[in-house]
$ cat coords_15.pdb   # PDB, C-alpha atoms, pLDDT in the B column
MODEL        1
ATOM      1  CA  MET W   1       0.000   0.000   0.000  1.00 78.00           C
ATOM      2  CA  ALA W   2       1.105   3.513  -0.701  1.00 94.00           C
ATOM      3  CA  THR W   3      -0.166   7.029   0.008  1.00 94.00           C
ATOM      4  CA  GLY W   4      -2.015   9.104  -2.535  1.00 96.00           C
ATOM      5  CA  THR W   5      -2.539  12.861  -2.309  1.00 97.00           C
ATOM      6  CA  ILE W   6      -5.254  15.191  -3.486  1.00 98.00           C
ATOM      7  CA  THR W   7      -3.940  18.777  -3.594  1.00 98.00           C
ATOM      8  CA  CYS W   8      -6.269  21.748  -3.156  1.00 98.00           C
ATOM      9  CA  LEU W   9      -4.856  25.136  -4.052  1.00 98.00           C
ATOM     10  CA  PRO W  10      -6.195  28.623  -3.237  1.00 98.00           C
ATOM     11  CA  GLY W  11      -6.748  29.444  -6.891  1.00 97.00           C
ATOM     12  CA  SER W  12      -9.242  26.622  -7.306  1.00 98.00           C
ATOM     13  CA  ALA W  13     -11.174  27.195  -4.083  1.00 98.00           C
ATOM     14  CA  LEU W  14     -14.932  27.746  -4.190  1.00 98.00           C
ATOM     15  CA  PHE W  15     -16.303  30.502  -1.955  1.00 98.00           C
ATOM     16  CA  PRO W  16     -19.640  30.855  -0.163  1.00 97.00           C
ATOM     17  CA  ASP W  17     -21.854  33.858  -0.713  1.00 95.00           C
ATOM     18  CA  GLY W  18     -20.958  35.822   2.428  1.00 91.00           C
ATOM     19  CA  SER W  19     -24.368  35.461   4.061  1.00 92.00           C
ATOM     20  CA  ALA W  20     -24.686  34.506   7.726  1.00 89.00           C
ATOM     21  CA  SER W  21     -22.756  31.314   8.464  1.00 91.00           C
ATOM     22  CA  ASN W  22     -21.395  31.419   4.923  1.00 94.00           C
ATOM     23  CA  LEU W  23     -18.405  33.723   5.216  1.00 96.00           C
ATOM     24  CA  ALA W  24     -15.488  33.388   2.824  1.00 97.00           C
ATOM     25  CA  PRO W  25     -11.759  33.979   3.265  1.00 97.00           C
ATOM     26  CA  GLY W  26      -9.901  36.495   1.192  1.00 96.00           C
ATOM     27  CA  LEU W  27      -7.861  35.369  -1.833  1.00 97.00           C
ATOM     28  CA  VAL W  28      -4.624  37.265  -2.425  1.00 96.00           C
ATOM     29  CA  ARG W  29      -1.847  37.007  -4.978  1.00 97.00           C
ATOM     30  CA  VAL W  30       1.565  37.599  -3.465  1.00 96.00           C
ATOM     31  CA  LYS W  31       4.820  38.514  -5.134  1.00 96.00           C
ATOM     32  CA  SER W  32       7.743  37.213  -3.150  1.00 96.00           C
ATOM     33  CA  SER W  33      10.196  39.863  -2.015  1.00 94.00           C
ATOM     34  CA  ALA W  34      12.985  37.649  -3.283  1.00 96.00           C
ATOM     35  CA  SER W  35      15.072  38.852  -6.242  1.00 96.00           C
ATOM     36  CA  ALA W  36      13.863  38.238  -9.776  1.00 95.00           C
ATOM     37  CA  PRO W  37      12.637  35.836 -10.938  1.00 97.00           C
ATOM     38  CA  SER W  38      10.315  36.446  -8.000  1.00 97.00           C
ATOM     39  CA  PRO W  39       7.879  33.658  -7.226  1.00 97.00           C
ATOM     40  CA  TYR W  40       4.200  34.520  -7.271  1.00 97.00           C
ATOM     41  CA  LEU W  41       1.956  32.685  -4.845  1.00 97.00           C
ATOM     42  CA  MET W  42      -1.686  32.699  -3.876  1.00 98.00           C
ATOM     43  CA  LYS W  43      -2.956  32.511  -0.334  1.00 98.00           C
ATOM     44  CA  LEU W  44      -6.307  32.326   1.382  1.00 98.00           C
ATOM     45  CA  LEU W  45      -6.634  34.712   4.325  1.00 97.00           C
ATOM     46  CA  PHE W  46      -8.895  33.575   7.156  1.00 97.00           C
ATOM     47  CA  ASP W  47     -10.140  36.134   9.697  1.00 95.00           C
ATOM     48  CA  ALA W  48      -9.304  35.767  13.349  1.00 96.00           C
ATOM     49  CA  SER W  49     -12.690  36.727  14.745  1.00 94.00           C
ATOM     50  CA  THR W  50     -15.179  34.553  12.872  1.00 95.00           C
ATOM     51  CA  LEU W  51     -15.575  31.265  11.004  1.00 97.00           C
ATOM     52  CA  GLU W  52     -14.650  31.530   7.322  1.00 97.00           C
ATOM     53  CA  GLN W  53     -14.821  28.610   4.936  1.00 98.00           C
ATOM     54  CA  CYS W  54     -14.197  27.430   1.401  1.00 98.00           C
ATOM     55  CA  ASP W  55     -14.329  24.152  -0.452  1.00 98.00           C
ATOM     56  CA  TRP W  56     -13.004  22.244  -3.444  1.00 98.00           C
ATOM     57  CA  ILE W  57     -14.811  19.733  -5.658  1.00 98.00           C
ATOM     58  CA  THR W  58     -12.934  16.837  -7.226  1.00 98.00           C
ATOM     59  CA  THR W  59     -13.171  13.029  -7.355  1.00 98.00           C
ATOM     60  CA  MET W  60     -11.794  10.353  -5.049  1.00 97.00           C
ATOM     61  CA  PRO W  61      -9.106   8.495  -7.009  1.00 97.00           C
ATOM     62  CA  ALA W  62      -9.878   4.990  -8.186  1.00 96.00           C
ATOM     63  CA  ASP W  63      -7.016   3.514  -6.177  1.00 95.00           C
ATOM     64  CA  ALA W  64      -8.185   4.944  -2.821  1.00 95.00           C
ATOM     65  CA  ASN W  65      -8.960   2.723   0.151  1.00 94.00           C
ATOM     66  CA  ALA W  66     -11.798   3.785   2.452  1.00 84.00           C
ATOM     67  CA  THR W  67      -9.654   2.890   5.457  1.00 89.00           C
ATOM     68  CA  PRO W  68      -7.734   4.185   7.221  1.00 94.00           C
ATOM     69  CA  ALA W  69      -9.498   7.536   7.259  1.00 96.00           C
ATOM     70  CA  PRO W  70      -8.138  10.171   4.928  1.00 97.00           C
ATOM     71  CA  VAL W  71      -5.946  12.866   6.446  1.00 98.00           C
ATOM     72  CA  MET W  72      -6.123  16.589   5.754  1.00 98.00           C
ATOM     73  CA  LYS W  73      -2.907  18.592   5.845  1.00 98.00           C
ATOM     74  CA  VAL W  74      -3.034  22.377   6.006  1.00 98.00           C
ATOM     75  CA  TYR W  75       0.008  24.412   4.932  1.00 98.00           C
ATOM     76  CA  PHE W  76      -0.294  27.727   6.722  1.00 98.00           C
ATOM     77  CA  SER W  77       1.460  30.764   8.112  1.00 98.00           C
ATOM     78  CA  MET W  78       0.254  33.712  10.164  1.00 97.00           C
ATOM     79  CA  GLU W  79       0.160  37.264   8.830  1.00 96.00           C
ATOM     80  CA  SER W  80       1.034  38.896  12.130  1.00 95.00           C
ATOM     81  CA  ALA W  81       0.591  36.536  15.094  1.00 96.00           C
ATOM     82  CA  THR W  82       3.662  35.078  16.728  1.00 96.00           C
ATOM     83  CA  THR W  83       1.826  33.409  19.594  1.00 97.00           C
ATOM     84  CA  GLY W  84      -1.454  31.628  20.251  1.00 98.00           C
ATOM     85  CA  ASN W  85      -3.313  28.757  18.588  1.00 98.00           C
ATOM     86  CA  VAL W  86      -5.588  28.193  15.614  1.00 98.00           C
ATOM     87  CA  ILE W  87      -8.506  25.812  15.199  1.00 98.00           C
ATOM     88  CA  VAL W  88      -9.358  24.435  11.759  1.00 98.00           C
ATOM     89  CA  LEU W  89     -12.255  22.336  10.515  1.00 98.00           C
ATOM     90  CA  GLY W  90     -12.437  19.746   7.762  1.00 98.00           C
ATOM     91  CA  ARG W  91     -15.432  18.044   6.179  1.00 98.00           C
ATOM     92  CA  LEU W  92     -15.946  15.719   3.251  1.00 98.00           C
ATOM     93  CA  LEU W  93     -18.848  15.339   0.865  1.00 98.00           C
ATOM     94  CA  ALA W  94     -19.043  12.086  -1.093  1.00 98.00           C
ATOM     95  CA  ILE W  95     -21.524  10.908  -3.710  1.00 98.00           C
ATOM     96  CA  THR W  96     -21.241   7.457  -5.247  1.00 97.00           C
ATOM     97  CA  ASP W  97     -22.269   6.477  -8.762  1.00 96.00           C
ATOM     98  CA  GLY W  98     -25.983   5.630  -8.592  1.00 96.00           C
ATOM     99  CA  ASP W  99     -26.641   7.182  -5.170  1.00 95.00           C
ATOM    100  CA  SER W 100     -30.204   8.358  -4.572  1.00 96.00           C
ATOM    101  CA  GLN W 101     -28.921  11.835  -3.857  1.00 95.00           C
ATOM    102  CA  ASP W 102     -29.630  15.106  -5.634  1.00 97.00           C
ATOM    103  CA  VAL W 103     -26.160  16.592  -6.095  1.00 97.00           C
ATOM    104  CA  ASN W 104     -27.685  20.080  -5.849  1.00 97.00           C
ATOM    105  CA  ALA W 105     -29.003  19.262  -2.364  1.00 97.00           C
ATOM    106  CA  LYS W 106     -26.035  17.365  -0.928  1.00 97.00           C
ATOM    107  CA  ALA W 107     -24.651  18.485   2.451  1.00 97.00           C
ATOM    108  CA  PHE W 108     -21.160  18.051   3.832  1.00 97.00           C
ATOM    109  CA  GLY W 109     -20.583  15.236   6.299  1.00 97.00           C
ATOM    110  CA  THR W 110     -19.978  15.666  10.020  1.00 98.00           C
ATOM    111  CA  VAL W 111     -17.250  18.103  10.942  1.00 98.00           C
ATOM    112  CA  ASN W 112     -13.746  17.081  11.995  1.00 98.00           C
ATOM    113  CA  THR W 113     -12.126  19.589  14.337  1.00 98.00           C
ATOM    114  CA  SER W 114      -8.405  20.002  14.790  1.00 98.00           C
ATOM    115  CA  ALA W 115      -6.642  20.256  18.085  1.00 97.00           C
ATOM    116  CA  ALA W 116      -5.515  23.757  19.000  1.00 97.00           C
ATOM    117  CA  THR W 117      -2.345  24.184  16.949  1.00 98.00           C
ATOM    118  CA  ALA W 118       0.333  26.607  18.085  1.00 98.00           C
ATOM    119  CA  VAL W 119       1.258  29.092  15.386  1.00 98.00           C
ATOM    120  CA  PRO W 120       4.910  29.518  14.300  1.00 98.00           C
ATOM    121  CA  GLY W 121       6.944  31.891  16.456  1.00 97.00           C
ATOM    122  CA  THR W 122       7.665  34.135  13.481  1.00 96.00           C
ATOM    123  CA  ALA W 123       5.009  35.668  11.250  1.00 96.00           C
ATOM    124  CA  GLY W 124       5.285  34.333   7.738  1.00 96.00           C
ATOM    125  CA  HIS W 125       6.928  31.065   8.724  1.00 97.00           C
ATOM    126  CA  MET W 126       5.071  27.964   7.563  1.00 98.00           C
ATOM    127  CA  LYS W 127       3.708  25.065   9.557  1.00 98.00           C
ATOM    128  CA  VAL W 128       1.508  22.083   8.650  1.00 98.00           C
ATOM    129  CA  ILE W 129      -1.603  21.057  10.576  1.00 98.00           C
ATOM    130  CA  THR W 130      -2.580  17.382  10.342  1.00 98.00           C
ATOM    131  CA  LEU W 131      -6.275  16.573  10.785  1.00 98.00           C
ATOM    132  CA  THR W 132      -7.578  13.023  10.465  1.00 98.00           C
ATOM    133  CA  LEU W 133     -10.937  13.049   8.677  1.00 98.00           C
ATOM    134  CA  THR W 134     -12.526  10.370  10.848  1.00 98.00           C
ATOM    135  CA  ASN W 135     -15.952  11.560   9.693  1.00 97.00           C
ATOM    136  CA  ALA W 136     -15.429  10.929   5.996  1.00 97.00           C
ATOM    137  CA  ASP W 137     -19.038  10.811   4.734  1.00 97.00           C
ATOM    138  CA  SER W 138     -18.433   7.162   3.750  1.00 96.00           C
ATOM    139  CA  VAL W 139     -16.210   8.231   0.873  1.00 96.00           C
ATOM    140  CA  ALA W 140     -15.178   5.473  -1.526  1.00 96.00           C
ATOM    141  CA  ALA W 141     -12.915   5.232  -4.550  1.00 96.00           C
ATOM    142  CA  GLY W 142     -14.415   6.922  -7.576  1.00 97.00           C
ATOM    143  CA  ASP W 143     -16.837   9.123  -5.625  1.00 97.00           C
ATOM    144  CA  LEU W 144     -17.597  12.728  -6.454  1.00 98.00           C
ATOM    145  CA  LEU W 145     -15.707  14.397  -3.615  1.00 98.00           C
ATOM    146  CA  GLY W 146     -16.116  17.744  -1.879  1.00 98.00           C
ATOM    147  CA  ILE W 147     -13.459  18.986   0.546  1.00 98.00           C
ATOM    148  CA  TYR W 148     -14.453  21.701   3.041  1.00 98.00           C
ATOM    149  CA  PHE W 149     -11.973  23.723   5.033  1.00 98.00           C
ATOM    150  CA  ALA W 150     -12.502  26.444   7.607  1.00 98.00           C
ATOM    151  CA  ARG W 151     -10.690  28.351  10.314  1.00 98.00           C
ATOM    152  CA  ASP W 152     -12.898  28.630  13.357  1.00 97.00           C
ATOM    153  CA  GLY W 153     -11.815  32.092  14.440  1.00 96.00           C
ATOM    154  CA  ALA W 154     -14.891  32.293  16.655  1.00 95.00           C
ATOM    155  CA  SER W 155     -13.751  29.352  18.787  1.00 96.00           C
ATOM    156  CA  GLY W 156     -12.507  30.217  22.251  1.00 96.00           C
ATOM    157  CA  SER W 157      -9.578  27.880  21.607  1.00 97.00           C
ATOM    158  CA  ASP W 158      -8.494  29.863  18.525  1.00 98.00           C
ATOM    159  CA  THR W 159      -6.383  32.471  20.277  1.00 98.00           C
ATOM    160  CA  ALA W 160      -3.990  33.762  17.607  1.00 98.00           C
ATOM    161  CA  THR W 161      -4.672  37.286  16.421  1.00 97.00           C
ATOM    162  CA  GLY W 162      -4.797  38.380  12.804  1.00 94.00           C
ATOM    163  CA  ASP W 163      -5.232  36.471   9.573  1.00 96.00           C
ATOM    164  CA  MET W 164      -4.215  32.884   8.980  1.00 97.00           C
ATOM    165  CA  ALA W 165      -2.736  32.462   5.506  1.00 97.00           C
ATOM    166  CA  VAL W 166      -3.397  29.068   3.914  1.00 98.00           C
ATOM    167  CA  TRP W 167      -1.098  28.198   1.020  1.00 98.00           C
ATOM    168  CA  ALA W 168      -2.357  24.683   0.255  1.00 98.00           C
ATOM    169  CA  VAL W 169      -4.627  21.970   1.630  1.00 98.00           C
ATOM    170  CA  THR W 170      -4.093  18.310   0.847  1.00 98.00           C
ATOM    171  CA  VAL W 171      -6.068  15.169   1.551  1.00 98.00           C
ATOM    172  CA  THR W 172      -3.987  12.030   1.711  1.00 97.00           C
ATOM    173  CA  TYR W 173      -5.375   8.508   1.496  1.00 97.00           C
ATOM    174  CA  THR W 174      -4.036   4.967   1.503  1.00 96.00           C
ATOM    175  CA  THR W 175      -4.061   3.225  -1.822  1.00 94.00           C
ATOM    176  CA  ALA W 176      -5.539  -0.212  -2.374  1.00 82.00           C
TER     177      ALA W 176
ATOM    178  CA  MET E   1     -20.628  56.995  27.091  1.00 85.00           C
ATOM    179  CA  ALA E   2     -18.559  53.815  26.907  1.00 92.00           C
ATOM    180  CA  LEU E   3     -19.080  51.356  24.067  1.00 95.00           C
ATOM    181  CA  THR E   4     -21.275  48.339  24.656  1.00 97.00           C
ATOM    182  CA  ALA E   5     -19.744  44.873  24.761  1.00 96.00           C
ATOM    183  CA  GLY E   6     -21.044  44.236  21.270  1.00 96.00           C
ATOM    184  CA  GLU E   7     -19.494  47.441  19.979  1.00 97.00           C
ATOM    185  CA  ARG E   8     -16.189  46.554  21.597  1.00 97.00           C
ATOM    186  CA  ASP E   9     -16.409  43.174  19.844  1.00 96.00           C
ATOM    187  CA  GLU E  10     -16.806  45.051  16.552  1.00 96.00           C
ATOM    188  CA  VAL E  11     -13.674  47.049  17.319  1.00 96.00           C
ATOM    189  CA  PHE E  12     -11.915  43.792  18.178  1.00 96.00           C
ATOM    190  CA  ALA E  13     -12.725  42.264  14.786  1.00 94.00           C
ATOM    191  CA  SER E  14     -11.908  45.468  12.913  1.00 93.00           C
ATOM    192  CA  PHE E  15      -8.567  45.889  14.675  1.00 94.00           C
ATOM    193  CA  MET E  16      -7.436  42.453  13.565  1.00 93.00           C
ATOM    194  CA  ARG E  17      -8.424  43.231   9.976  1.00 89.00           C
ATOM    195  CA  GLN E  18      -6.073  46.192  10.044  1.00 87.00           C
ATOM    196  CA  LEU E  19      -3.103  43.960  10.794  1.00 84.00           C
ATOM    197  CA  ASN E  20      -0.857  43.597   7.793  1.00 76.00           C
ATOM    198  CA  ARG E  21       2.661  42.388   7.246  1.00 76.00           C
ATOM    199  CA  PRO E  22       5.175  43.436   8.542  1.00 82.00           C
ATOM    200  CA  ASP E  23       3.114  44.108  11.698  1.00 85.00           C
ATOM    201  CA  THR E  24       3.550  41.376  14.296  1.00 93.00           C
ATOM    202  CA  THR E  25       1.238  40.646  17.208  1.00 94.00           C
ATOM    203  CA  PRO E  26       3.033  38.880  20.034  1.00 96.00           C
ATOM    204  CA  TYR E  27      -0.141  38.713  22.100  1.00 97.00           C
ATOM    205  CA  VAL E  28      -3.218  36.482  22.003  1.00 97.00           C
ATOM    206  CA  LYS E  29      -6.823  37.528  21.374  1.00 97.00           C
ATOM    207  CA  SER E  30      -7.793  37.723  25.034  1.00 97.00           C
ATOM    208  CA  VAL E  31      -5.002  40.215  25.676  1.00 98.00           C
ATOM    209  CA  LEU E  32      -6.132  42.316  22.732  1.00 97.00           C
ATOM    210  CA  ARG E  33      -9.769  42.171  23.817  1.00 97.00           C
ATOM    211  CA  THR E  34      -8.835  43.376  27.294  1.00 98.00           C
ATOM    212  CA  ALA E  35      -6.818  46.195  25.761  1.00 98.00           C
ATOM    213  CA  ILE E  36      -9.930  47.307  23.902  1.00 98.00           C
ATOM    214  CA  ASP E  37     -11.789  47.441  27.207  1.00 98.00           C
ATOM    215  CA  ASN E  38      -8.852  49.385  28.674  1.00 98.00           C
ATOM    216  CA  ALA E  39      -8.797  51.907  25.832  1.00 97.00           C
ATOM    217  CA  ASP E  40     -12.536  52.510  25.828  1.00 97.00           C
ATOM    218  CA  ASP E  41     -12.620  52.802  29.599  1.00 97.00           C
ATOM    219  CA  TRP E  42      -9.798  55.338  29.420  1.00 97.00           C
ATOM    220  CA  ALA E  43     -11.643  57.324  26.748  1.00 96.00           C
ATOM    221  CA  ASP E  44     -14.764  57.303  28.872  1.00 95.00           C
ATOM    222  CA  ALA E  45     -12.923  58.328  32.034  1.00 97.00           C
ATOM    223  CA  ASN E  46     -11.075  61.137  30.245  1.00 97.00           C
ATOM    224  CA  ALA E  47     -13.884  62.460  28.078  1.00 96.00           C
ATOM    225  CA  THR E  48     -14.205  65.617  30.136  1.00 96.00           C
ATOM    226  CA  SER E  49     -10.472  66.244  30.043  1.00 97.00           C
ATOM    227  CA  TYR E  50     -10.450  65.824  26.255  1.00 97.00           C
ATOM    228  CA  ASN E  51     -13.402  68.128  25.852  1.00 97.00           C
ATOM    229  CA  ASN E  52     -11.706  70.784  27.967  1.00 97.00           C
ATOM    230  CA  ALA E  53      -8.585  70.542  25.805  1.00 98.00           C
ATOM    231  CA  LEU E  54     -10.524  71.699  22.760  1.00 98.00           C
ATOM    232  CA  ASN E  55     -10.705  75.407  22.002  1.00 98.00           C
ATOM    233  CA  ALA E  56     -13.830  77.043  23.373  1.00 97.00           C
ATOM    234  CA  THR E  57     -15.506  77.788  20.041  1.00 98.00           C
ATOM    235  CA  PHE E  58     -15.157  74.232  18.763  1.00 98.00           C
ATOM    236  CA  ARG E  59     -16.051  72.832  22.166  1.00 97.00           C
ATOM    237  CA  THR E  60     -19.260  74.848  22.221  1.00 97.00           C
ATOM    238  CA  ASN E  61     -20.372  74.320  18.632  1.00 97.00           C
ATOM    239  CA  ALA E  62     -19.233  70.819  17.686  1.00 97.00           C
ATOM    240  CA  VAL E  63     -21.410  67.845  18.597  1.00 97.00           C
ATOM    241  CA  ALA E  64     -19.994  64.848  20.461  1.00 95.00           C
ATOM    242  CA  ALA E  65     -19.741  62.716  17.325  1.00 96.00           C
ATOM    243  CA  GLN E  66     -17.579  65.363  15.636  1.00 97.00           C
ATOM    244  CA  LYS E  67     -15.287  65.532  18.650  1.00 97.00           C
ATOM    245  CA  ASN E  68     -14.936  61.720  18.584  1.00 96.00           C
ATOM    246  CA  ILE E  69     -14.197  61.743  14.858  1.00 97.00           C
ATOM    247  CA  LEU E  70     -11.550  64.400  15.392  1.00 98.00           C
ATOM    248  CA  LEU E  71      -9.740  62.327  17.984  1.00 97.00           C
ATOM    249  CA  ALA E  72     -10.120  59.186  15.870  1.00 96.00           C
ATOM    250  CA  LEU E  73      -8.582  60.831  12.805  1.00 97.00           C
ATOM    251  CA  ILE E  74      -5.722  62.281  14.823  1.00 97.00           C
ATOM    252  CA  THR E  75      -4.798  58.900  16.295  1.00 96.00           C
ATOM    253  CA  TRP E  76      -5.381  57.113  12.955  1.00 95.00           C
ATOM    254  CA  LYS E  77      -2.918  59.469  11.259  1.00 96.00           C
ATOM    255  CA  ARG E  78      -0.463  59.069  14.138  1.00 96.00           C
ATOM    256  CA  ALA E  79      -0.631  55.316  13.484  1.00 92.00           C
ATOM    257  CA  GLY E  80       0.718  55.974  10.010  1.00 91.00           C
ATOM    258  CA  LYS E  81      -2.528  55.072   8.291  1.00 90.00           C
ATOM    259  CA  THR E  82      -3.994  56.705   5.223  1.00 91.00           C
ATOM    260  CA  LEU E  83      -6.901  58.925   6.175  1.00 92.00           C
ATOM    261  CA  PRO E  84     -10.324  57.780   4.913  1.00 90.00           C
TER     262      PRO E  84
ENDMDL
END

$ encode --input "coords_15.pdb" --output "structure tokens"
Amino acid sequence: MATGTITCLPGSALFPDGSASNLAPGLVRVKSSASAPSPYLMKLLFDASTLEQCDWITTMPADANATPAPVMKVYFSMESATTGNVIVLGRLLAITDGDSQDVNAKAFGTVNTSAATAVPGTAGHMKVITLTLTNADSVAAGDLLGIYFARDGASGSDTATGDMAVWAVTVTYTTA
Amino acid sequence: MALTAGERDEVFASFMRQLNRPDTTPYVKSVLRTAIDNADDWADANATSYNNALNATFRTNAVAAQKNILLALITWKRAGKTLP
């Protein structure tokens, strides 16, 4: 068995409409301050005071095993905070070929909540959060797959001030 | 009159949206939230002193909101921010 990876990048994120309980992060293009040729990156900026969310739609690869549970990895840095913790949420949405499910009415599965993760001691430095998606909406190989990510800035355990920059989100799975 | 708790929460959220690189914040949210209480309490306790510092004509003719805006713009500019 090996590990497969689904990579979700800021540029392909889908954003909610900004209504109550549907707040979106900001999407920013960044030019590195390094000398030319300067890398350009995109980041999602999640507020510190509320819950902001986004999602990606893809498919679960044909070689994926349902067990063990897939694992979400979040590549992040903080815009200004050098102390405190962040709380992130992950959900999956899975629809199988032939399911009696209107795709237009499908909801995400039960939330998976990370432990409080200490932010890097220097703003701009990157760290990776690992979140096991124990609640995986019964995802199986070949399913239509939705991946939800949020920072729960409203949580009392999310103590870091300022925006959380997310550079990439991955979902890893064990292959058959 | 001091801000309500809800209004202080609004300031809390807005303050964090103003944070941009290369600003760093070596303090957690609870510390910041308490500082907002501290600042608003100070403003409330020193409102009379501030009012007395204004020249008599302005003090007599300007309404409270204008006096608050004046102080806000002064401190905003002192923070190095672009005026609205």

$ interface_residues --input "coords_15.pdb" --of "chain W" --to "chain E" --cutoff "8 Å" --atoms "all atoms listed in the file" --output "PyMOL selection string"
chain W and resi 47-49+79-84+123+159-163

$ write_last_selection --input "coords_15.pdb" --atoms "C-alpha atoms" --output "compact mmCIF listing (two decimals), in the frame of the given file"
# COMPACT_ATOMS: atom_id res chain seq x y z
CA ASP W 47 -10.14 36.13 9.70
CA ALA W 48 -9.30 35.77 13.35
CA SER W 49 -12.69 36.73 14.74
CA GLU W 79 0.16 37.26 8.83
CA SER W 80 1.03 38.90 12.13
CA ALA W 81 0.59 36.54 15.09
CA THR W 82 3.66 35.08 16.73
CA THR W 83 1.83 33.41 19.59
CA GLY W 84 -1.45 31.63 20.25
CA ALA W 123 5.01 35.67 11.25
CA THR W 159 -6.38 32.47 20.28
CA ALA W 160 -3.99 33.76 17.61
CA THR W 161 -4.67 37.29 16.42
CA GLY W 162 -4.80 38.38 12.80
CA ASP W 163 -5.23 36.47 9.57

$ residues_around --input "coords_15.pdb" --residues "Thr5 (chain W)" --least-positions-apart "3" --cutoff "10 Å" --atoms "all atoms listed in the file" --output "list of chain:residue names"
W:Cys8, W:Met60, W:Pro61, W:Ala64, W:Pro70, W:Val71, W:Met72, W:Lys73, W:Thr170, W:Val171, W:Thr172, W:Tyr173, W:Thr174, W:Thr175

$ closest_residue --input "coords_15.pdb" --among "W:Ala176, W:Leu145, W:Leu92, W:Ala13" --to "Leu44 (chain W)" --atoms "only C-alpha atoms"
W:Ala13

$ residues_around --input "coords_15.pdb" --residues "region 68-84 of chain E" --least-positions-apart "6" --cutoff "10 Å" --atoms "all atoms listed in the file" --output "list in words"
Gln18, Ala43, Ala47, Tyr50 and Asn51 of chain E

$ atom_distance --input "coords_15.pdb" --atom1 "CA of Val88 (chain W)" --atom2 "CA of Arg151 (chain W)"
4.4 Å

$ residues_around --input "coords_15.pdb" --residues "Phe15 (chain W)" --least-positions-apart "3" --cutoff "8 Å" --atoms "only C-alpha atoms" --output "list in words"
Ala24, Pro25, Gln53, Cys54 and Asp55 of chain W

$ closest_residue --input "coords_15.pdb" --among "E:Val11, E:Met1, E:Ala62, E:Leu54" --to "Asp41 (chain E)" --atoms "all atoms listed in the file"
E:Met1

$ atom_distance --input "coords_15.pdb" --atom1 "CA of Val139 (chain W)" --atom2 "CA of Ala69 (chain W)"
9.3 Å

$ axis_aligned_box --input "coords_15.pdb" --around "region 104-122 of chain W" --padding-each-side "8 Å" --output "JSON"
{"center_x": -10.7, "center_y": 24.7, "center_z": 6.6, "size_x": 52.7, "size_y": 34.9, "size_z": 40.8}

$ residues_near_point --input "coords_15.pdb" --point "(-5.5, 26.6, 18.8)" --cutoff "8 Å" --atoms "only C-alpha atoms" --output "PyMOL selection string"
chain W and resi 84-87+115-119+157-160

$ write_last_selection --input "coords_15.pdb" --atoms "C-alpha atoms" --output "PDB file, keeping the file's coordinate frame"
ATOM      1  CA  GLY W  84      -1.454  31.628  20.251  1.00 98.00           C
ATOM      2  CA  ASN W  85      -3.313  28.757  18.588  1.00 98.00           C
ATOM      3  CA  VAL W  86      -5.588  28.193  15.614  1.00 98.00           C
ATOM      4  CA  ILE W  87      -8.506  25.812  15.199  1.00 98.00           C
ATOM      5  CA  ALA W 115      -6.642  20.256  18.085  1.00 97.00           C
ATOM      6  CA  ALA W 116      -5.515  23.757  19.000  1.00 97.00           C
ATOM      7  CA  THR W 117      -2.345  24.184  16.949  1.00 98.00           C
ATOM      8  CA  ALA W 118       0.333  26.607  18.085  1.00 98.00           C
ATOM      9  CA  VAL W 119       1.258  29.092  15.386  1.00 98.00           C
ATOM     10  CA  SER W 157      -9.578  27.880  21.607  1.00 97.00           C
ATOM     11  CA  ASP W 158      -8.494  29.863  18.525  1.00 98.00           C
ATOM     12  CA  THR W 159      -6.383  32.471  20.277  1.00 98.00           C
ATOM     13  CA  ALA W 160      -3.990  33.762  17.607  1.00 98.00           C
TER      14      ALA W 160
END

$ decode --input "coords_15.pdb" --residues "region 54-63 of chain E" --atoms "N, CA and C atoms" --output "compact mmCIF listing (two decimals), in the first residue's frame"
# COMPACT_ATOMS: atom_id res chain seq x y z
N LEU E 54 -10.14 71.09 24.04
CA LEU E 54 -10.52 71.70 22.76
C LEU E 54 -10.76 73.20 22.93
N ASN E 55 -10.47 73.96 21.90
CA ASN E 55 -10.71 75.41 22.00
C ASN E 55 -12.20 75.67 22.22
N ALA E 56 -12.48 76.77 22.88
CA ALA E 56 -13.83 77.04 23.37
C ALA E 56 -14.88 77.08 22.26
N THR E 57 -14.52 77.66 21.12
CA THR E 57 -15.51 77.79 20.04
C THR E 57 -15.89 76.41 19.50
N PHE E 58 -14.88 75.59 19.25
CA PHE E 58 -15.16 74.23 18.76
C PHE E 58 -15.90 73.44 19.82
N ARG E 59 -15.44 73.59 21.08
CA ARG E 59 -16.05 72.83 22.17
C ARG E 59 -17.53 73.16 22.28
N THR E 60 -17.87 74.41 22.07
CA THR E 60 -19.26 74.85 22.22
C THR E 60 -20.12 74.45 21.03
N ASN E 61 -19.56 74.48 19.84
CA ASN E 61 -20.37 74.32 18.63
C ASN E 61 -20.34 72.92 18.01
N ALA E 62 -19.30 72.16 18.28
CA ALA E 62 -19.23 70.82 17.69
C ALA E 62 -20.05 69.84 18.53
N VAL E 63 -20.67 68.88 17.87
CA VAL E 63 -21.41 67.84 18.60
C VAL E 63 -20.42 66.75 19.02
